[in-house]
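Visitor: What follows is a structure written as structure tokens; I'll ask about it next.
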Amino acid sequence: MPLSKEVGRNPREVAAEIVDKLRIDDICETPQIAGPGFINLTLKTDFISTSLSSLLGDDRCGVDPVKSEKSIVIDFSSPNVAKPMHVGHIRSTVIGDALSRILRFHGHSVITDNHLGDWGTQFGMILWGWKHCLDTSAYELNPTQELGRLYRLVRKVVDADPQEIANDSIAAGLVEKYPDARQEVLSETVKLHEGDPENTRLWKQFMPVCREEIERIYRRLDITFDHTMGESFYQPLLAEVVKDLIDGGMARESRGAVGVFLDGYETPLLVQKADGAFLYATTDLATLAWRAEHWKPDRILYIVDHRQSQHFEQVFATARSWGCRVGQQFSNIDLIHVAFGTVLGEDGKPFKTRAGDTVGLESLLDEGVQRAALIVGEGEQARQGMDDARRRQVAEAVGIGAIKYADLSQNRTTDYVFSFDKMLELKGNTAAYMQYAVARVEGIVTRGGVNRELLRREVHDNPSVLELSDPLERRLALTLLRFKAVLEDVELDYRPNVMTSWLYDLASCFSSFYDALSVLKADGHKRTTRLVLSDLTGRTLRQGMELLGIRVPNQM
């Protein structure tokens with residue numbers, strides 16, 4: 001219809017000419033022109049049946065690896081190690097993990113890196129707190145919790161915000177006792193960076209404890225990284241980065257600090273403070289140079305909050321100019337900031353770790369598992385029996401799956417208000433809905449004594465047994481065949497919610513199909529058709545959920 005306006009002709013005439021030149025007889029029925037110029041295409045049943053039969057022996061559910069494999073580095077999660085992870089960390093962690101799984105499955109060579117914050121100002125705060133207000137018994141009981149308390153306490157002291165310390169007598173007393181606390185904290189950070197023996201010793205003491213605490217959370221989330229190289233790994237490279245930027249005329253001194261001044265930006269990209277300390281930008285540039293030299297990627301994805309958008313714009317622009325000068329081919333690497341919206345508190349403000357009311361990530365996981373445990377075994381599969389150990393395993397998969405799915409199903413770029421109830425919902429468009437659909441399929445197979453291999457072989461050899469005579473069968477079949485296109489759409493804009501939307505459509509189609517049509521009691525080809533559709537639905541839902549990092553139990 002838009003074309004008809006350009007050529008000045010009746011839209012139905014244009015549609016008729018397009019239809020006349022189409023050569024799709026092997027795929028579609030005769031095209032129909034409707035209304036003012038719509039062209040309606042109906043896929044042939046035998047084409048759908050043949051396409052479905054080709055999926056039966058395909059472990060990849062019809063998804064061919066990409067023809068042009070890329071080497072992709074994904075930088076995600078990246079918490080500060082000196083404090084417990086909280087719900088604000090969930091977005092980068094689960095989005096990055098899902099994208100790494102999806103891109104690997106799609107055929108790319110993926111390298112994941114957890115760029116830990118293990119060297120910044122937060123350690124200056126903890127070092128100062130350790131020396132002035134450590135609770136030794138609390139540290140011996142739970143080191144990470146005590147280090148987190150020290151961080152939050154000293155943050156209040158450094159900021160000296162009347163509202164922050166109004167209800168905290170300890171913080172108020174420290175502010176009064178140490179009026180120069182801010183400068184002393186900065187001094188502790190500089191001493192660490194300069195190799196002070198005592199601060200270095202304490203840093204080395206803190207690190208294994210902090211790392212193990214974080215790794216324990218990742219194990220529960222079923223998330224692993226190829227590499228975990230924090231800011232400290234790149235510390236020896238930072239001085240040379242700054243020197244090289246200055247020598248190349250890209251950076252210059254400004255009010256004692258050193259910054260890169262880029263066209264189009266009011267403020268420079270600072271790479272060194274007036275006191276000599278380096279900044280995030282310095283580390284990001286050193287990291288990028290190291291990755292380019294050692295991993296030679298085609299693409300680097302940074303899964304980071306949208307509030308860092310300008311930072312990454314400036315880092316990328318600096319890197320490209322710098323790379324041309326030093327012979328690094330940064331210009332040949334796609335540098336992509338996969339920005340996401342912020343997790344907000346009920347007050348509409350971003351979660352912040354300086355406050356004492358931040359919801360810990362482990363508390364969220366525990367709550368999710370506890371709520372899931374209340375429903376595990378209530379479904380039709382309960383009749384098959386489930387011992388306590390199995391119930392715990394299923395509750396862990398369902399509870400943590402709910403939390404991951406709740407985040408991944410959000411549009412990546414939007415903010416959302418954190419809510420326990422929404423994150424742990426087990427009805428509607430949730431992980432549990434998909435997990436339950438798979439459990440239903442497993443129930444069909446078990447009750448019917450179905451030999452999946454024989455079923456798949458039968459249909460693969462003779463696709464015509466798939467009749468697809470009912471509209472619900474056809475709708476389910478067409479939804480199943482979209483898997484490949486969905487993966488392509490996810491990669492196009494790095495949006496896992498495209499996958500969650502399709503999985504929900506697929507589970508909904510199956511639910512309508514299952515509720516309306518008998519599977520095991522059907523006769524002849526109808527039974528075969530419905531068993532095949534059920535089998536493919538279970539396999540495809542499981543594959544899709546696993547690509548999101550969500551475990552799928554056989555029983556619910």
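Residue numbering restarts at 1 for every chain of the structure tokens, chains are lettered A, B, ... in their displayed order, and ligands are numbered from 1 as they appear.
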Could you name the residues that touch Val154 in chain A at 8 Å or less, counting only C-alpha atoms, but leaving out those on the same chain fewer than 5 positions away, as a list in words?
Guide: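 Counting only C-alpha atoms, the residues come to Met125, Ile126, Trp128, Gly129 and Ala171 of chain A.
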Visitor: With 8 Å as the cut-off and only C-alpha atoms counted, what is the closest atom pair between each nearby residue of range 497-552 of chain A and range 468-480 of chain A? Distances in Å to one decimal, ordered by chain and number, as JSON lines.
Guide:
```
{"residue": "A:Asp505", "atom": "CA", "partner": "A:Thr479", "partner_atom": "CA", "distance": 7.6}
{"residue": "A:Leu506", "atom": "CA", "partner": "A:Thr479", "partner_atom": "CA", "distance": 6.0}
{"residue": "A:Cys509", "atom": "CA", "partner": "A:Leu476", "partner_atom": "CA", "distance": 5.5}
{"residue": "A:Phe510", "atom": "CA", "partner": "A:Leu476", "partner_atom": "CA", "distance": 6.4}
{"residue": "A:Ser512", "atom": "CA", "partner": "A:Leu472", "partner_atom": "CA", "distance": 7.3}
{"residue": "A:Phe513", "atom": "CA", "partner": "A:Leu472", "partner_atom": "CA", "distance": 5.5}
{"residue": "A:Thr529", "atom": "CA", "partner": "A:Leu468", "partner_atom": "CA", "distance": 7.0}
{"residue": "A:Arg530", "atom": "CA", "partner": "A:Glu473", "partner_atom": "CA", "distance": 7.5}
{"residue": "A:Leu533", "atom": "CA", "partner": "A:Ala477", "partner_atom": "CA", "distance": 6.9}
{"residue": "A:Leu536", "atom": "CA", "partner": "A:Leu480", "partner_atom": "CA", "distance": 7.6}
{"residue": "A:Thr537", "atom": "CA", "partner": "A:Leu480", "partner_atom": "CA", "distance": 6.9}
{"residue": "A:Thr540", "atom": "CA", "partner": "A:Leu480", "partner_atom": "CA", "distance": 7.4}
```
Visitor: Let's see if you can do this: from backbone DSSP, list all strand (DSSP E) residues in range 299-478 of chain A, as a list in words.
Guide: Arg299, Ile300, Leu301, Tyr302, Ile303, Val304, Asp305, Asp334, Leu335, Ile336, His337, Val338, Ala339, Phe340, Val343, Leu344, Tyr416 and Val417 of chain A
Visitor: For the residues in the current selection, export N, CA, C and O atoms as a PDB file, in the first residue's frame.
Guide:
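So the final result, stored in result-v3.pdb, reads:
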```
ATOM      1  N   ARG A 299      34.082  -8.252  18.583  1.00  0.00           N
ATOM      2  CA  ARG A 299      33.022  -7.496  19.230  1.00  0.00           C
ATOM      3  C   ARG A 299      33.213  -7.582  20.740  1.00  0.00           C
ATOM      4  O   ARG A 299      33.598  -8.622  21.258  1.00  0.00           O
ATOM      5  N   ILE A 300      32.997  -6.476  21.447  1.00  0.00           N
ATOM      6  CA  ILE A 300      33.004  -6.500  22.915  1.00  0.00           C
ATOM      7  C   ILE A 300      31.688  -5.892  23.393  1.00  0.00           C
ATOM      8  O   ILE A 300      31.338  -4.767  23.019  1.00  0.00           O
ATOM      9  N   LEU A 301      30.968  -6.654  24.217  1.00  0.00           N
ATOM     10  CA  LEU A 301      29.715  -6.174  24.790  1.00  0.00           C
ATOM     11  C   LEU A 301      29.931  -5.826  26.257  1.00  0.00           C
ATOM     12  O   LEU A 301      30.467  -6.640  27.014  1.00  0.00           O
ATOM     13  N   TYR A 302      29.544  -4.627  26.630  1.00  0.00           N
ATOM     14  CA  TYR A 302      29.604  -4.191  28.021  1.00  0.00           C
ATOM     15  C   TYR A 302      28.169  -4.138  28.555  1.00  0.00           C
ATOM     16  O   TYR A 302      27.376  -3.288  28.134  1.00  0.00           O
ATOM     17  N   ILE A 303      27.820  -5.045  29.463  1.00  0.00           N
ATOM     18  CA  ILE A 303      26.458  -5.116  29.997  1.00  0.00           C
ATOM     19  C   ILE A 303      26.415  -4.262  31.263  1.00  0.00           C
ATOM     20  O   ILE A 303      26.675  -4.744  32.377  1.00  0.00           O
ATOM     21  N   VAL A 304      26.096  -2.995  31.079  1.00  0.00           N
ATOM     22  CA  VAL A 304      26.219  -2.025  32.171  1.00  0.00           C
ATOM     23  C   VAL A 304      25.015  -1.080  32.154  1.00  0.00           C
ATOM     24  O   VAL A 304      24.486  -0.731  31.089  1.00  0.00           O
ATOM     25  N   ASP A 305      24.611  -0.644  33.324  1.00  0.00           N
ATOM     26  CA  ASP A 305      23.517   0.307  33.546  1.00  0.00           C
ATOM     27  C   ASP A 305      23.585   1.489  32.572  1.00  0.00           C
ATOM     28  O   ASP A 305      24.653   2.019  32.284  1.00  0.00           O
ATOM     29  N   ASP A 334      33.905  -3.972  17.186  1.00  0.00           N
ATOM     30  CA  ASP A 334      32.629  -3.350  17.526  1.00  0.00           C
ATOM     31  C   ASP A 334      32.543  -3.231  19.042  1.00  0.00           C
ATOM     32  O   ASP A 334      32.489  -4.251  19.748  1.00  0.00           O
ATOM     33  N   LEU A 335      32.557  -2.013  19.545  1.00  0.00           N
ATOM     34  CA  LEU A 335      32.448  -1.760  20.980  1.00  0.00           C
ATOM     35  C   LEU A 335      31.005  -1.373  21.274  1.00  0.00           C
ATOM     36  O   LEU A 335      30.518  -0.351  20.783  1.00  0.00           O
ATOM     37  N   ILE A 336      30.319  -2.184  22.045  1.00  0.00           N
ATOM     38  CA  ILE A 336      28.875  -2.012  22.211  1.00  0.00           C
ATOM     39  C   ILE A 336      28.522  -1.955  23.697  1.00  0.00           C
ATOM     40  O   ILE A 336      28.823  -2.880  24.454  1.00  0.00           O
ATOM     41  N   HIS A 337      27.901  -0.866  24.091  1.00  0.00           N
ATOM     42  CA  HIS A 337      27.378  -0.749  25.441  1.00  0.00           C
ATOM     43  C   HIS A 337      25.942  -1.273  25.423  1.00  0.00           C
ATOM     44  O   HIS A 337      25.037  -0.623  24.897  1.00  0.00           O
ATOM     45  N   VAL A 338      25.727  -2.456  25.965  1.00  0.00           N
ATOM     46  CA  VAL A 338      24.382  -3.025  26.070  1.00  0.00           C
ATOM     47  C   VAL A 338      23.780  -2.465  27.357  1.00  0.00           C
ATOM     48  O   VAL A 338      23.923  -3.032  28.450  1.00  0.00           O
ATOM     49  N   ALA A 339      23.143  -1.313  27.210  1.00  0.00           N
ATOM     50  CA  ALA A 339      22.645  -0.583  28.380  1.00  0.00           C
ATOM     51  C   ALA A 339      21.333  -1.189  28.866  1.00  0.00           C
ATOM     52  O   ALA A 339      20.520  -1.677  28.084  1.00  0.00           O
ATOM     53  N   PHE A 340      21.129  -1.142  30.165  1.00  0.00           N
ATOM     54  CA  PHE A 340      19.861  -1.620  30.719  1.00  0.00           C
ATOM     55  C   PHE A 340      19.347  -0.633  31.747  1.00  0.00           C
ATOM     56  O   PHE A 340      20.094   0.178  32.306  1.00  0.00           O
ATOM     57  N   VAL A 343      17.378  -0.913  38.452  1.00  0.00           N
ATOM     58  CA  VAL A 343      16.477  -1.469  39.464  1.00  0.00           C
ATOM     59  C   VAL A 343      16.254  -0.385  40.517  1.00  0.00           C
ATOM     60  O   VAL A 343      17.206   0.108  41.120  1.00  0.00           O
ATOM     61  N   LEU A 344      14.992  -0.004  40.724  1.00  0.00           N
ATOM     62  CA  LEU A 344      14.661   1.102  41.616  1.00  0.00           C
ATOM     63  C   LEU A 344      14.065   0.596  42.919  1.00  0.00           C
ATOM     64  O   LEU A 344      13.456  -0.479  42.973  1.00  0.00           O
ATOM     65  N   TYR A 416      12.792  -0.502  36.392  1.00  0.00           N
ATOM     66  CA  TYR A 416      11.632  -1.097  37.054  1.00  0.00           C
ATOM     67  C   TYR A 416      11.818  -1.038  38.560  1.00  0.00           C
ATOM     68  O   TYR A 416      12.931  -1.062  39.067  1.00  0.00           O
ATOM     69  N   VAL A 417      10.695  -0.950  39.252  1.00  0.00           N
ATOM     70  CA  VAL A 417      10.699  -0.877  40.710  1.00  0.00           C
ATOM     71  C   VAL A 417      10.778  -2.289  41.274  1.00  0.00           C
ATOM     72  O   VAL A 417       9.980  -3.159  40.909  1.00  0.00           O
TER      73      VAL A 417
END
```
Visitor: Mind checking which residues fall within 12 Å of Asp388 in chain A, counting only C-alpha atoms, ignoring those fewer than 6 positions away in the same chain, and posting them as a list in words?
Guide: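 My reading of the contact set: Ala373, Val376, Gly377, Val394 and Ala395 of chain A.
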Visitor: So that I can check the secondary structure, give me every residue of range 178-207 of chain A assigned alpha helix (DSSP H) by backbone DSSP, as a compact mmCIF listing (two decimals) with C-alpha atoms, in the first residue's frame.
Guide:
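Saved as out.txt:
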```txt
# COMPACT_ATOMS: atom_id res chain seq x y z
CA ALA A 181 37.74 11.36 57.23
CA ARG A 182 37.18 11.94 53.49
CA GLN A 183 40.80 12.91 52.91
CA GLU A 184 42.04 10.08 55.13
CA VAL A 185 40.04 7.56 53.09
CA LEU A 186 41.53 8.89 49.86
CA SER A 187 44.95 8.62 51.46
CA GLU A 188 44.34 4.96 52.31
CA THR A 189 43.38 4.30 48.66
CA VAL A 190 46.50 6.04 47.36
CA LYS A 191 48.68 4.10 49.81
CA LEU A 192 47.18 0.83 48.55
CA HIS A 193 47.80 1.82 44.94
CA PRO A 197 52.92 -3.01 52.79
CA GLU A 198 50.21 -2.87 55.47
CA ASN A 199 47.37 -1.91 53.11
CA THR A 200 48.53 -4.46 50.55
CA ARG A 201 48.61 -7.16 53.24
CA LEU A 202 45.08 -6.32 54.35
CA TRP A 203 43.86 -6.21 50.74
CA LYS A 204 45.28 -9.69 50.15
CA GLN A 205 43.60 -10.86 53.36
CA PHE A 206 40.20 -9.51 52.28
CA MET A 207 40.23 -10.75 48.69
```
Visitor: What's around range 450-467 of chain A at 12 Å? Count only C-alpha atoms, leave out sequence neighbours fewer than 5 positions away in its own chain, and write the answer as an NGL selection string.
Guide: :A and (44-58 or 441-445 or 473-474 or 477 or 519-520 or 523-536 or 538-539)
Visitor: Set the distance at 12 Å and use only C-alpha atoms: which residues neighbour range 243-250 of chain A once local chain neighbours fewer than 5 positions away are removed? I'd like the list as JSON, numbers by chain.
Guide: {"A": [237, 238, 257, 258, 259, 260, 261, 262, 263, 268, 269, 270, 271, 272, 282, 285, 286, 317, 318, 319, 320, 321, 322, 323, 324, 325, 326]}
Visitor: Nearest residue to Pro297 in chain A out of A:Glu17, A:Glu29, A:Glu69, A:Asp366, using only C-alpha atoms?
Guide: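 Nearest to Pro297 in chain A: A:Glu69.
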Visitor: Quick one: of A:His86, A:Arg482, A:Lys5, A:Arg104, who's nearest to Ile72 in chain A, counting only C-alpha atoms?
Guide: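 Of all the options, A:Arg104 lies closest to Ile72 in chain A.
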Visitor: Could you work out how far CA of Leu365 in chain A lies from CA of Asp135 in chain A, giving the answer in Å with one decimal?
Guide: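 Separation between CA of Asp135 in chain A and CA of Leu365 in chain A: 27.5 Å.
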Visitor: So what do you get for CA of Asp113 in chain A versus CA of Asp226 in chain A, distance-wise?
Guide: 6.1 Å
Visitor: Just the residues within 8 Å of Val552 in chain A, please, counting only C-alpha atoms, with nothing from its chain fewer than 3 positions along; format it as a PyMOL selection string.
Guide: chain A and resi 397-398+435+438+542+545-546
